[in-house]
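Worksheet: one structure, shown below.
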Amino acid sequence: MKKQSIFIGVIFLFLSCGDKKQQHQNETDNLPTEQISSRYVKDNILISNELPEIKIKVNEESSFAGKFDFEIIANSGEYSEKVQGKPVAAGERYVFASADENHSVKKLFIVQ
């Protein structure tokens with residue numbers, strides 16, 4: 001009986017966590033993109049609402065390929081031992097590309 005109670009509790013916990021994640025996803029689905037992130041791409045325009053506030057229109061021949069975050073890790077002699085191996089800066093990259101009929105990239109535009 002005790003094993004069954006634990007098993008049912010674990011299943012309940014697992015299912016309730018999934019529901020909260022889905023609930024959060026459903027909540028953000030209905031929000032304007034501007035309220036989810038301060039930077040986003042809409043109609044081939046990179047829009048930044050802060051730091052800096054700017055709009056960059058990318059040529060229509062290029063398509064938005066994706067965005068990724070990155071960190072710069074201190075690993076050279078110019079940094080003290082205290083920060084070695086730790087992140088010292090972070091950023092985002094937005095990638096746009098145009099390709100030919102063979103899907104070979106012909107042009108690449110990256111905003112960092």
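In the structure tokens, chains take the letters A, B, ... in the order shown, each chain's residues start at 1, and ligands count up from 1 in the order shown.
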
Give me the residues near Leu51 in chain A as a PyMOL selection string, where near means some atom within 12 Å (using only C-alpha atoms) and where sequence neighbours in that chain fewer than 5 positions away do not count.
chain A and resi 38-39+91-92

List the neighbours of Phe109 in chain A out to 7 Å using only C-alpha atoms; skip same-chain residues closer than 4 positions along the sequence, and give me the result as a tab-separated table (two decimals) with N, CA and C atoms, in the first residue's frame.
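Saved to result18.tsv:
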chain	number	residue	atom	x	y	z
A	95	VAL	N	20.15	35.74	-36.66
A	95	VAL	CA	20.75	35.31	-37.92
A	95	VAL	C	19.71	35.32	-39.03
A	96	PHE	N	20.08	35.97	-40.15
A	96	PHE	CA	19.27	35.99	-41.36
A	96	PHE	C	20.13	35.40	-42.48
A	97	ALA	N	19.51	34.66	-43.39
A	97	ALA	CA	20.28	34.04	-44.48
A	97	ALA	C	19.44	33.98	-45.74

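In this model, the gap between CA of Ile56 in chain A and CA of Lys42 in chain A comes to 10.4 Å.
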
Please provide the set of residues having any atom within 12 Å of Lys106 in chain A, restricted to only C-alpha atoms, with same-chain residues fewer than 2 positions apart removed, written as a list in words.
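The neighbour list is Glu61, Ser62, Ser63, Phe96, Ala97, Ser98, Ala99, Asp100, Glu101, Asn102, His103, Ser104, Leu108 and Phe109 of chain A.
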
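Across the structure, CA of Phe68 in chain A and CA of Gly85 in chain A are spaced 20.9 Å apart.
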
Got a sec: who's within 10 Å of Lys67 in chain A, counting only C-alpha atoms, leaving out chain neighbours fewer than 2 positions off, as a VMD selection string?
chain A and resid 40 to 41 64 to 65 69 92 to 96 110 to 112

Could you tell me how far CA of Ile45 in chain A lies from CA of Ile72 in chain A, in Å and to one decimal?
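Separation between CA of Ile45 in chain A and CA of Ile72 in chain A: 26.4 Å.
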